[in-house]
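Here's target_33.txt, which has compact mmCIF, C-alpha atoms and all ligand atoms:
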```txt
# COMPACT_ATOMS: atom_id res chain seq x y z
CA MET A 1 115.07 113.66 110.73
CA LYS A 2 112.66 113.20 107.80
CA LYS A 3 109.74 110.85 108.20
CA PHE A 4 110.06 109.10 104.82
CA ASP A 5 113.12 107.98 102.88
CA ILE A 6 111.23 107.69 99.60
CA LEU A 7 108.09 109.38 98.35
CA VAL A 8 106.65 107.53 95.37
CA VAL A 9 104.24 109.50 93.19
CA GLY A 10 102.76 106.90 90.94
CA GLU A 11 100.21 104.79 89.18
CA LEU A 12 98.30 102.00 90.89
CA ASN A 13 96.36 99.13 89.38
CA VAL A 14 95.76 95.40 89.71
CA ASP A 15 97.04 92.70 87.39
CA LEU A 16 94.67 89.93 86.43
CA ILE A 17 97.05 87.29 85.09
CA LEU A 18 95.75 84.39 83.02
CA ASN A 19 98.15 81.48 82.56
CA ARG A 20 98.14 78.29 80.52
CA ILE A 21 95.79 79.62 77.87
CA GLU A 22 94.84 76.90 75.40
CA ARG A 23 94.89 78.98 72.18
CA THR A 24 95.39 82.56 71.01
CA PRO A 25 92.04 84.27 71.64
CA GLU A 26 90.06 85.55 68.69
CA VAL A 27 87.24 88.06 68.57
CA GLY A 28 83.94 86.21 68.57
CA LYS A 29 85.31 83.04 70.21
CA GLU A 30 86.07 81.83 73.73
CA VAL A 31 89.20 80.09 75.05
CA LEU A 32 90.00 78.74 78.50
CA ALA A 33 92.91 79.54 80.82
CA GLU A 34 93.96 76.83 83.29
CA ASP A 35 95.29 79.24 85.89
CA MET A 36 94.54 82.76 87.17
CA ALA A 37 96.01 85.21 89.68
CA LEU A 38 94.84 88.63 90.82
CA THR A 39 97.72 90.70 92.24
CA LEU A 40 99.02 94.17 92.90
CA GLY A 41 100.20 95.52 89.56
CA SER A 42 101.97 98.68 88.37
CA SER A 43 105.59 99.64 88.17
CA SER A 44 105.36 102.26 90.93
CA ALA A 45 103.76 99.80 93.35
CA ILE A 46 106.40 97.13 92.70
CA PHE A 47 109.10 99.76 93.27
CA ALA A 48 107.48 100.96 96.50
CA SER A 49 106.87 97.46 97.89
CA ASN A 50 110.36 96.23 97.17
CA ALA A 51 112.14 99.38 98.40
CA SER A 52 110.16 99.02 101.62
CA THR A 53 111.11 95.35 101.93
CA LEU A 54 114.77 96.30 101.47
CA GLY A 55 114.45 98.62 104.49
CA SER A 56 113.56 102.09 103.16
CA ASN A 57 110.70 104.02 104.72
CA VAL A 58 108.32 104.51 101.79
CA ALA A 59 105.20 106.67 101.35
CA PHE A 60 102.93 106.53 98.30
CA VAL A 61 100.86 109.28 96.67
CA GLY A 62 98.35 107.90 94.17
CA ARG A 63 94.70 107.54 93.25
CA VAL A 64 92.48 104.50 93.12
CA GLY A 65 88.74 103.98 93.00
CA ALA A 66 86.50 103.32 95.97
CA ASP A 67 86.15 99.71 94.86
CA SER A 68 87.45 96.24 95.72
CA PHE A 69 90.47 96.55 93.38
CA GLY A 70 91.38 99.78 95.16
CA ASP A 71 91.06 98.03 98.53
CA LEU A 72 93.32 95.23 97.29
CA VAL A 73 95.98 97.67 96.07
CA ILE A 74 96.02 99.55 99.38
CA ALA A 75 96.03 96.38 101.50
CA SER A 76 98.92 94.90 99.49
CA LEU A 77 101.05 98.02 99.86
CA LYS A 78 100.22 98.25 103.56
CA SER A 79 101.20 94.63 104.12
CA LYS A 80 104.64 95.52 102.75
CA GLY A 81 104.99 98.43 105.17
CA VAL A 82 104.32 101.23 102.67
CA ALA A 83 102.55 104.31 104.11
CA THR A 84 99.24 104.44 102.22
CA GLN A 85 97.44 107.35 103.91
CA PHE A 86 98.24 109.65 100.96
CA ILE A 87 96.48 107.40 98.43
CA ARG A 88 93.11 108.91 97.52
CA GLN A 89 90.21 106.56 97.03
CA SER A 90 87.35 108.21 95.15
CA THR A 91 84.01 107.14 93.74
CA GLN A 92 84.51 109.22 90.57
CA HIS A 93 86.84 106.80 88.80
CA SER A 94 87.46 103.09 89.19
CA THR A 95 90.80 101.48 89.91
CA GLY A 96 92.80 100.58 86.82
CA ALA A 97 93.46 97.00 85.80
CA THR A 98 95.79 95.16 83.44
CA ILE A 99 94.61 91.90 81.95
CA VAL A 100 97.73 89.84 81.26
CA LEU A 101 97.48 86.90 78.85
CA ASN A 102 100.57 84.79 79.40
CA PHE A 103 101.83 82.62 76.56
CA ASP A 104 105.07 80.88 77.60
CA GLN A 105 107.78 83.58 77.43
CA ASP A 106 105.55 86.21 75.87
CA ARG A 107 102.42 88.00 76.97
CA ALA A 108 99.67 90.21 75.63
CA MET A 109 98.36 92.93 77.91
CA VAL A 110 95.37 95.25 77.91
CA THR A 111 95.34 98.07 80.46
CA TYR A 112 92.47 100.20 81.64
CA PRO A 113 94.25 103.10 83.40
CA GLY A 114 91.24 104.33 85.41
CA ALA A 115 91.92 106.54 88.43
CA MET A 116 95.71 106.76 87.88
CA ARG A 117 95.18 109.31 85.09
CA HIS A 118 93.54 111.70 87.52
CA LEU A 119 96.49 112.02 89.88
CA VAL A 120 97.75 115.60 89.61
CA GLU A 121 100.73 117.55 90.85
CA GLN A 122 98.55 119.30 93.45
CA ASP A 123 98.05 115.90 95.13
CA VAL A 124 101.69 116.16 96.26
CA SER A 125 101.74 118.66 99.11
CA GLU A 126 104.67 120.83 100.13
CA GLU A 127 104.41 119.34 103.59
CA LEU A 128 104.79 115.78 102.30
CA LEU A 129 107.78 116.73 100.13
CA LEU A 130 109.36 118.33 103.20
CA GLN A 131 108.89 115.08 105.13
CA SER A 132 110.69 113.04 102.45
CA ARG A 133 114.33 112.55 101.45
CA HIS A 134 113.81 111.27 97.90
CA LEU A 135 111.14 111.54 95.16
CA HIS A 136 110.60 108.68 92.69
CA VAL A 137 108.21 108.76 89.74
CA SER A 138 107.61 105.93 87.29
CA SER A 139 105.41 105.25 84.25
CA VAL A 140 105.01 108.86 83.19
CA PHE A 141 103.24 108.01 79.95
CA LEU A 142 100.41 106.25 81.78
CA GLN A 143 99.87 109.17 84.11
CA THR A 144 98.59 111.96 81.92
CA GLY A 145 97.60 114.10 84.92
CA ILE A 146 101.06 114.04 86.49
CA ARG A 147 102.88 114.23 83.17
CA SER A 148 101.61 117.68 82.28
CA ASN A 149 103.30 119.17 85.37
CA LEU A 150 106.22 116.81 85.75
CA VAL A 151 108.92 119.47 85.42
CA SER A 152 107.24 121.58 88.09
CA LEU A 153 106.99 118.60 90.47
CA PHE A 154 110.68 117.79 90.11
CA LYS A 155 111.68 121.46 90.44
CA ARG A 156 109.72 121.73 93.70
CA ALA A 157 111.29 118.55 95.05
CA LYS A 158 114.82 119.74 94.24
CA ALA A 159 114.14 123.17 95.74
CA LEU A 160 113.08 121.47 98.97
CA GLY A 161 116.29 119.45 99.10
CA LEU A 162 115.10 116.03 97.94
CA SER A 163 117.10 113.78 95.68
CA THR A 164 115.07 112.54 92.71
CA SER A 165 114.69 109.68 90.26
CA ILE A 166 112.45 108.86 87.32
CA ASP A 167 111.82 105.65 85.39
CA PRO A 168 109.93 106.67 82.24
CA GLN A 169 108.74 103.15 81.29
CA TRP A 170 107.07 102.33 77.99
CA ASP A 171 104.92 104.81 76.08
CA PRO A 172 101.86 102.86 74.86
CA ALA A 173 101.22 105.61 72.27
CA GLU A 174 104.89 105.33 71.15
CA GLN A 175 105.10 109.09 70.79
CA TRP A 176 107.88 109.41 73.40
CA ASP A 177 107.07 113.02 74.00
CA LEU A 178 108.87 114.05 77.19
CA PRO A 179 110.63 117.43 77.66
CA LEU A 180 113.97 115.85 78.59
CA GLN A 181 115.97 119.09 78.34
CA HIS A 182 113.71 120.78 80.90
CA LEU A 183 113.11 117.76 83.09
CA LEU A 184 116.49 116.07 83.43
CA PRO A 185 118.36 118.95 85.14
CA HIS A 186 116.08 118.24 88.13
CA VAL A 187 116.45 114.45 88.00
CA ASP A 188 119.41 112.99 89.88
CA PHE A 189 118.90 109.46 88.54
CA PHE A 190 117.31 108.90 85.14
CA LEU A 191 116.46 105.19 84.97
CA PRO A 192 115.18 104.05 81.53
CA ASN A 193 115.87 100.67 79.93
CA VAL A 194 117.82 100.63 76.66
CA THR A 195 114.77 100.49 74.36
CA GLU A 196 113.09 103.38 76.17
CA LEU A 197 116.27 105.50 76.09
CA LEU A 198 116.71 105.01 72.34
CA ALA A 199 113.04 105.84 71.70
CA LEU A 200 113.17 108.94 73.91
CA THR A 201 116.36 110.28 72.30
CA LYS A 202 115.44 109.09 68.77
CA THR A 203 118.80 107.35 68.41
CA ARG A 204 119.89 103.84 67.46
CA SER A 205 122.63 102.97 69.94
CA LEU A 206 123.49 103.59 73.57
CA HIS A 207 126.54 105.65 72.61
CA GLU A 208 124.50 107.78 70.22
CA ALA A 209 121.88 108.29 72.93
CA LEU A 210 124.43 109.34 75.54
CA ALA A 211 126.01 111.76 73.05
CA THR A 212 122.75 113.75 72.97
CA GLN A 213 123.90 115.54 76.14
CA LEU A 214 121.33 114.25 78.57
CA SER A 215 121.39 116.75 81.38
CA ALA A 216 120.70 114.41 84.31
CA PRO A 217 123.71 114.10 86.62
CA CYS A 218 123.37 110.33 86.41
CA VAL A 219 121.85 108.23 83.62
CA VAL A 220 121.34 104.59 84.56
CA VAL A 221 120.38 102.31 81.68
CA LYS A 222 118.97 98.83 82.24
CA ALA A 223 119.81 96.20 79.67
CA GLY A 224 118.06 93.00 80.80
CA ASP A 225 120.37 89.98 80.87
CA ALA A 226 123.19 92.19 79.57
CA GLY A 227 123.27 94.02 82.93
CA ALA A 228 123.19 97.80 83.27
CA TYR A 229 125.15 100.98 82.51
CA LEU A 230 125.83 104.14 84.47
CA TRP A 231 126.72 107.39 82.69
CA HIS A 232 128.16 110.03 85.01
CA ASN A 233 130.68 112.82 84.41
CA GLN A 234 131.05 111.72 80.77
CA GLN A 235 132.16 108.27 81.90
CA LEU A 236 130.38 105.02 81.18
CA LEU A 237 130.45 102.18 83.68
CA HIS A 238 129.10 98.74 82.79
CA GLN A 239 127.70 96.41 85.41
CA ALA A 240 127.70 92.75 84.41
CA PRO A 241 124.48 90.90 85.16
CA PHE A 242 124.29 88.47 88.05
CA LEU A 243 124.29 85.10 86.35
CA ASN A 244 120.89 83.55 86.73
CA THR A 245 120.16 80.06 85.47
CA HIS A 246 116.65 79.95 86.97
CA VAL A 247 114.79 82.82 85.30
CA VAL A 248 111.07 82.45 86.05
CA ASP A 249 109.98 85.72 84.41
CA SER A 250 111.30 89.26 84.22
CA ILE A 251 108.09 91.11 85.12
CA GLY A 252 109.12 94.07 87.28
CA ALA A 253 112.88 93.42 87.04
CA GLY A 254 113.47 97.07 86.13
CA ASP A 255 111.40 98.27 89.08
CA SER A 256 113.29 96.00 91.47
CA PHE A 257 116.53 97.30 89.98
CA ASP A 258 115.35 100.87 90.66
CA ALA A 259 114.37 99.91 94.24
CA GLY A 260 117.79 98.41 94.94
CA PHE A 261 119.63 101.33 93.32
CA VAL A 262 117.72 104.05 95.21
CA HIS A 263 117.76 102.15 98.52
CA LYS A 264 121.54 101.73 98.29
CA PHE A 265 121.95 105.42 97.45
CA LEU A 266 119.88 106.47 100.47
CA THR A 267 121.93 104.25 102.77
CA GLY A 268 125.15 105.94 101.68
CA GLY A 269 126.30 103.73 98.79
CA SER A 270 128.71 105.01 96.13
CA LEU A 271 127.44 105.09 92.53
CA PRO A 272 129.17 101.80 91.55
CA GLU A 273 127.72 100.21 94.71
CA CYS A 274 124.23 101.45 93.81
CA LEU A 275 124.64 100.06 90.29
CA GLU A 276 125.79 96.67 91.56
CA PHE A 277 123.01 96.44 94.14
CA GLY A 278 120.41 97.41 91.52
CA ALA A 279 121.67 94.65 89.24
CA LEU A 280 121.45 92.22 92.17
CA THR A 281 117.86 93.14 93.09
CA GLY A 282 116.89 93.11 89.38
CA ALA A 283 118.30 89.58 89.07
CA ILE A 284 116.65 88.48 92.34
CA ASN A 285 113.33 89.68 90.89
CA THR A 286 113.63 87.18 88.04
CA THR A 287 113.92 84.13 90.31
CA ARG A 288 110.25 84.18 91.41
CA PRO A 289 106.99 84.99 89.57
CA GLY A 290 105.96 88.61 89.11
CA GLY A 291 107.55 91.78 90.43
CA THR A 292 107.23 91.17 94.17
CA GLY A 293 107.36 87.35 94.41
CA ALA A 294 111.03 87.33 95.45
CA PHE A 295 110.61 90.17 97.93
CA GLY A 296 108.35 88.59 100.57
CA ASN A 297 110.59 89.89 103.34
CA LEU A 298 114.21 90.94 103.79
CA GLU A 299 115.31 87.49 105.01
CA ILE A 300 114.00 85.87 101.81
CA VAL A 301 115.79 88.48 99.67
CA LYS A 302 119.06 87.88 101.53
CA GLU A 303 118.65 84.13 101.22
CA ILE A 304 118.15 84.31 97.42
CA ALA A 305 121.15 86.67 97.15
CA ARG A 306 123.31 84.21 99.07
CA THR A 307 122.16 80.92 97.60
CA THR A 308 121.50 81.90 93.96
CA PHE A 309 124.03 84.71 93.46
CA ASN A 310 126.66 83.98 96.11
CA TYR A 311 126.26 87.55 97.40
CA THR A 312 126.00 88.45 101.08
CA PHE A 313 124.54 91.69 102.38
N1 LIG B 401 117.81 87.38 83.07
C1 LIG B 401 118.46 88.19 83.90
N2 LIG B 401 119.59 87.78 84.53
C2 LIG B 401 120.24 88.60 85.36
N3 LIG B 401 119.88 89.88 85.62
C3 LIG B 401 118.78 90.35 85.02
C4 LIG B 401 118.00 89.55 84.12
N4 LIG B 401 116.95 90.30 83.69
C5 LIG B 401 117.07 91.50 84.30
N5 LIG B 401 118.17 91.55 85.09
C6 LIG B 401 118.64 92.69 85.89
O1 LIG B 401 117.54 93.54 86.16
C7 LIG B 401 117.75 94.83 85.54
C8 LIG B 401 116.47 95.38 85.01
O2 LIG B 401 115.89 94.52 84.04
P1 LIG B 401 115.40 95.05 82.62
O3 LIG B 401 114.64 93.92 82.01
O4 LIG B 401 116.55 95.60 81.87
O5 LIG B 401 114.45 96.26 83.05
P2 LIG B 401 113.02 96.71 82.50
O6 LIG B 401 112.07 95.78 83.22
O7 LIG B 401 112.87 98.11 82.92
O8 LIG B 401 113.06 96.49 81.02
C9 LIG B 401 118.82 94.60 84.47
O9 LIG B 401 119.55 95.79 84.26
C10 LIG B 401 119.67 93.50 85.09
O10 LIG B 401 120.62 94.05 85.96
MG MG B 402 111.16 99.15 83.13
```
When written as structure tokens, how does the structure in this file appear?
Ligand SMILES: Nc1ncnc2c1ncn2[C@@H]1O[C@H](COP(=O)(O)OP(=O)(O)O)[C@@H](O)[C@H]1O
Ligand SMILES: [Mg+2]
Amino acid sequence: MKKFDILVVGELNVDLILNRIERTPEVGKEVLAEDMALTLGSSSAIFASNASTLGSNVAFVGRVGADSFGDLVIASLKSKGVATQFIRQSTQHSTGATIVLNFDQDRAMVTYPGAMRHLVEQDVSEELLLQSRHLHVSSVFLQTGIRSNLVSLFKRAKALGLSTSIDPQWDPAEQWDLPLQHLLPHVDFFLPNVTELLALTKTRSLHEALATQLSAPCVVVKAGDAGAYLWHNQQLLHQAPFLNTHVVDSIGAGDSFDAGFVHKFLTGGSLPECLEFGALTGAINTTRPGGTGAFGNLEIVKEIARTTFNYTF
């Protein structure tokens, strides 16, 4: 029996979200926001929290600063049942933060990565890999330390019998430089959204992208309110979205999709079942603010599934 279902190796930061901003800010001037929230940010943290809420046993390897933002990140993950003892808190670098300026449907963001860049492959011990069933990595472009040895990390995980998944997320530099041909043979579930997949493969359509012979056994492509696709054994499966007439925001929808997909896989679901459950948890994510708002506890998740999407689990 392994101790952890999912080992997340990922970035951690806080989100400082400013809402109801009176005007677009300009350099040299000051504008007021009518509302503010300080919350756990980062794709990997949303994934870990929500997978834990769904019932997976989740451990997190990451780095934060020895500061109050770091304390907040660790306390938030802990409160969701995530094992946080492998998160290193050091005085050398401060915890990263994203300042989110919300303007109706759109938002401007500035991120200071901080300690997350200093997470390295050596932070993931053999012993911890051996205690885990599945490895998930997200936001590779933000984590320069992990990125340089990503292939090696996934090779080690596969050699030790773990299943693996990766969600590349956006590349702020828009260089999209990832060694897919070396990496993907060790990735069971490759989980980009459509825009990221096209950028990574330098193609202009999903079909063109899939024709580039991606070597992951399973490519799962998220397409927002158009649902999601699963490419496996040269066959493409489309999952229709769960119809949602009450979209609050779609922050973290992809991470909640990943959490649902991987959780279903680890509880014995077939690939179409994983795809459907991912689409459900992605849609549930959009019914409450932020990436974890709809995932307070399992009862709340089940209630939203039943009342909003007519889906019982
Ligand atoms: N408005 C929506 N209505 C229903 N389902 C949605 C909606 N937005 C997202 N989803 C679900 O969540 C998944 C992930 O969202 P998406 O926005 O594609 O990911 P990402 O955040 O990575 O860009 C989608 O594949 C879809 O299944
Ligand atoms: Mg995403």
Measuring atom to atom with only C-alpha atoms and all ligand atoms, identify which of A:Val120, A:Leu236, A:Ala223, A:Val301 is nearest to ligand LIG 401 (chain B).
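That would be A:Ala223, the residue with the smallest distance to ligand LIG 401 (chain B).
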Which residues sit within 8 Å of ligand MG 402 (chain B), counting all atoms listed in the file, listed as a ChimeraX atom specification?
/A:43,167-170,192-193,222,252-255
To one decimal place in Å, what is the distance between CA of Ile21 in chain A and atom O6 of ligand LIG 401 (chain B)?
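Between these atoms lies a distance of 23.6 Å.
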Exercise: Leu206 in chain A partners within 9 Å, all atoms listed in the file, chain neighbours under 6 positions left out, as a ChimeraX atom specification:
/A:194,197-198,221
Of the listed residues A:Phe141, A:Phe242, A:Phe189, A:Phe69, that which approaches ligand LIG 401 (chain B) most closely, counting all atoms listed in the file:
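Of the candidates, the smallest distance to ligand LIG 401 (chain B) is held by A:Phe242.
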Taking 3 positions as the minimum chain separation for residues in the same chain, which residues sit within 10 Å of Ala157 in chain A when counting all atoms listed in the file? Answer as a list of chain:residue names.
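Contacts, in chain order: A:Val124, A:Glu126, A:Leu129, A:Leu130, A:Ser132, A:Arg133, A:His134, A:Leu135, A:Val151, A:Ser152, A:Leu153, A:Phe154, A:Leu160, A:Gly161, A:Leu162, A:Ser163, A:Thr164, A:His186, A:Val187.
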Could you list, as a list in words, every residue within 6 Å of Val64 in chain A, counting all atoms listed in the file and ignoring same-chain residues fewer than 2 positions away?
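Within the cut-off, the hits are Gly70, Gln89, Thr95 and Ala115 of chain A.
Residues near the point (97.0, 106.4, 88.1), at a distance of 8 Å or less over only C-alpha atoms, make up A:Gly10, A:Glu11, A:Leu12, A:Asn13, A:Gly62, A:Arg63, A:Val64, A:Gly96, A:Pro113, A:Gly114, A:Ala115, A:Met116, A:Arg117, A:His118, A:Leu119, A:Leu142, A:Gln143.
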Output C-alpha atoms of each residue in that selection to a file, as a PDB file, keeping the file's coordinate frame.
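What follows is the written file again.pdb:
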```pdb
ATOM      1  CA  GLY A  10     102.760 106.900  90.940  1.00  0.00           C
ATOM      2  CA  GLU A  11     100.210 104.790  89.180  1.00  0.00           C
ATOM      3  CA  LEU A  12      98.300 102.000  90.890  1.00  0.00           C
ATOM      4  CA  ASN A  13      96.360  99.130  89.380  1.00  0.00           C
ATOM      5  CA  GLY A  62      98.350 107.900  94.170  1.00  0.00           C
ATOM      6  CA  ARG A  63      94.700 107.540  93.250  1.00  0.00           C
ATOM      7  CA  VAL A  64      92.480 104.500  93.120  1.00  0.00           C
ATOM      8  CA  GLY A  96      92.800 100.580  86.820  1.00  0.00           C
ATOM      9  CA  PRO A 113      94.250 103.100  83.400  1.00  0.00           C
ATOM     10  CA  GLY A 114      91.240 104.330  85.410  1.00  0.00           C
ATOM     11  CA  ALA A 115      91.920 106.540  88.430  1.00  0.00           C
ATOM     12  CA  MET A 116      95.710 106.760  87.880  1.00  0.00           C
ATOM     13  CA  ARG A 117      95.180 109.310  85.090  1.00  0.00           C
ATOM     14  CA  HIS A 118      93.540 111.700  87.520  1.00  0.00           C
ATOM     15  CA  LEU A 119      96.490 112.020  89.880  1.00  0.00           C
ATOM     16  CA  LEU A 142     100.410 106.250  81.780  1.00  0.00           C
ATOM     17  CA  GLN A 143      99.870 109.170  84.110  1.00  0.00           C
TER      18      GLN A 143
END
```
Write range 113-132 of chain A as a PDB file, in the frame of the given file, completed to N, CA and C atoms.
```pdb
ATOM      1  N   PRO A 113      93.525 102.300  82.409  1.00  0.00           N
ATOM      2  CA  PRO A 113      94.250 103.100  83.400  1.00  0.00           C
ATOM      3  C   PRO A 113      93.375 103.555  84.579  1.00  0.00           C
ATOM      4  N   GLY A 114      92.136 103.938  84.307  1.00  0.00           N
ATOM      5  CA  GLY A 114      91.240 104.330  85.410  1.00  0.00           C
ATOM      6  C   GLY A 114      91.772 105.518  86.206  1.00  0.00           C
ATOM      7  N   ALA A 115      91.656 105.404  87.534  1.00  0.00           N
ATOM      8  CA  ALA A 115      91.920 106.540  88.430  1.00  0.00           C
ATOM      9  C   ALA A 115      93.334 107.103  88.313  1.00  0.00           C
ATOM     10  N   MET A 116      94.312 106.293  87.915  1.00  0.00           N
ATOM     11  CA  MET A 116      95.710 106.760  87.880  1.00  0.00           C
ATOM     12  C   MET A 116      95.898 108.024  87.021  1.00  0.00           C
ATOM     13  N   ARG A 117      95.060 108.158  86.000  1.00  0.00           N
ATOM     14  CA  ARG A 117      95.180 109.310  85.090  1.00  0.00           C
ATOM     15  C   ARG A 117      94.779 110.618  85.753  1.00  0.00           C
ATOM     16  N   HIS A 118      94.073 110.508  86.876  1.00  0.00           N
ATOM     17  CA  HIS A 118      93.540 111.700  87.520  1.00  0.00           C
ATOM     18  C   HIS A 118      94.406 112.193  88.674  1.00  0.00           C
ATOM     19  N   LEU A 119      95.526 111.517  88.898  1.00  0.00           N
ATOM     20  CA  LEU A 119      96.490 112.020  89.880  1.00  0.00           C
ATOM     21  C   LEU A 119      97.114 113.284  89.290  1.00  0.00           C
ATOM     22  N   VAL A 120      97.183 114.347  90.101  1.00  0.00           N
ATOM     23  CA  VAL A 120      97.750 115.600  89.610  1.00  0.00           C
ATOM     24  C   VAL A 120      98.829 116.115  90.551  1.00  0.00           C
ATOM     25  N   GLU A 121      99.622 117.038  90.051  1.00  0.00           N
ATOM     26  CA  GLU A 121     100.730 117.550  90.850  1.00  0.00           C
ATOM     27  C   GLU A 121     100.267 118.089  92.197  1.00  0.00           C
ATOM     28  N   GLN A 122      99.075 118.704  92.207  1.00  0.00           N
ATOM     29  CA  GLN A 122      98.550 119.300  93.450  1.00  0.00           C
ATOM     30  C   GLN A 122      98.289 118.244  94.527  1.00  0.00           C
ATOM     31  N   ASP A 123      98.221 116.972  94.139  1.00  0.00           N
ATOM     32  CA  ASP A 123      98.050 115.900  95.130  1.00  0.00           C
ATOM     33  C   ASP A 123      99.312 115.723  95.986  1.00  0.00           C
ATOM     34  N   VAL A 124     100.423 116.295  95.523  1.00  0.00           N
ATOM     35  CA  VAL A 124     101.690 116.160  96.260  1.00  0.00           C
ATOM     36  C   VAL A 124     101.925 117.456  97.033  1.00  0.00           C
ATOM     37  N   SER A 125     101.661 117.424  98.321  1.00  0.00           N
ATOM     38  CA  SER A 125     101.740 118.660  99.110  1.00  0.00           C
ATOM     39  C   SER A 125     103.181 119.023  99.445  1.00  0.00           C
ATOM     40  N   GLU A 126     103.374 120.310  99.699  1.00  0.00           N
ATOM     41  CA  GLU A 126     104.670 120.830 100.130  1.00  0.00           C
ATOM     42  C   GLU A 126     105.126 120.126 101.406  1.00  0.00           C
ATOM     43  N   GLU A 127     104.136 119.943 102.289  1.00  0.00           N
ATOM     44  CA  GLU A 127     104.410 119.340 103.590  1.00  0.00           C
ATOM     45  C   GLU A 127     104.960 117.911 103.433  1.00  0.00           C
ATOM     46  N   LEU A 128     104.357 117.165 102.513  1.00  0.00           N
ATOM     47  CA  LEU A 128     104.790 115.780 102.300  1.00  0.00           C
ATOM     48  C   LEU A 128     106.188 115.747 101.666  1.00  0.00           C
ATOM     49  N   LEU A 129     106.432 116.655 100.727  1.00  0.00           N
ATOM     50  CA  LEU A 129     107.780 116.730 100.130  1.00  0.00           C
ATOM     51  C   LEU A 129     108.802 117.036 101.212  1.00  0.00           C
ATOM     52  N   LEU A 130     108.430 117.943 102.124  1.00  0.00           N
ATOM     53  CA  LEU A 130     109.360 118.330 103.200  1.00  0.00           C
ATOM     54  C   LEU A 130     109.641 117.176 104.159  1.00  0.00           C
ATOM     55  N   GLN A 131     108.705 116.229 104.231  1.00  0.00           N
ATOM     56  CA  GLN A 131     108.890 115.080 105.130  1.00  0.00           C
ATOM     57  C   GLN A 131     109.687 113.950 104.484  1.00  0.00           C
ATOM     58  N   SER A 132     110.085 114.148 103.196  1.00  0.00           N
ATOM     59  CA  SER A 132     110.690 113.040 102.450  1.00  0.00           C
ATOM     60  C   SER A 132     112.108 113.375 101.996  1.00  0.00           C
TER      61      SER A 132
END
```
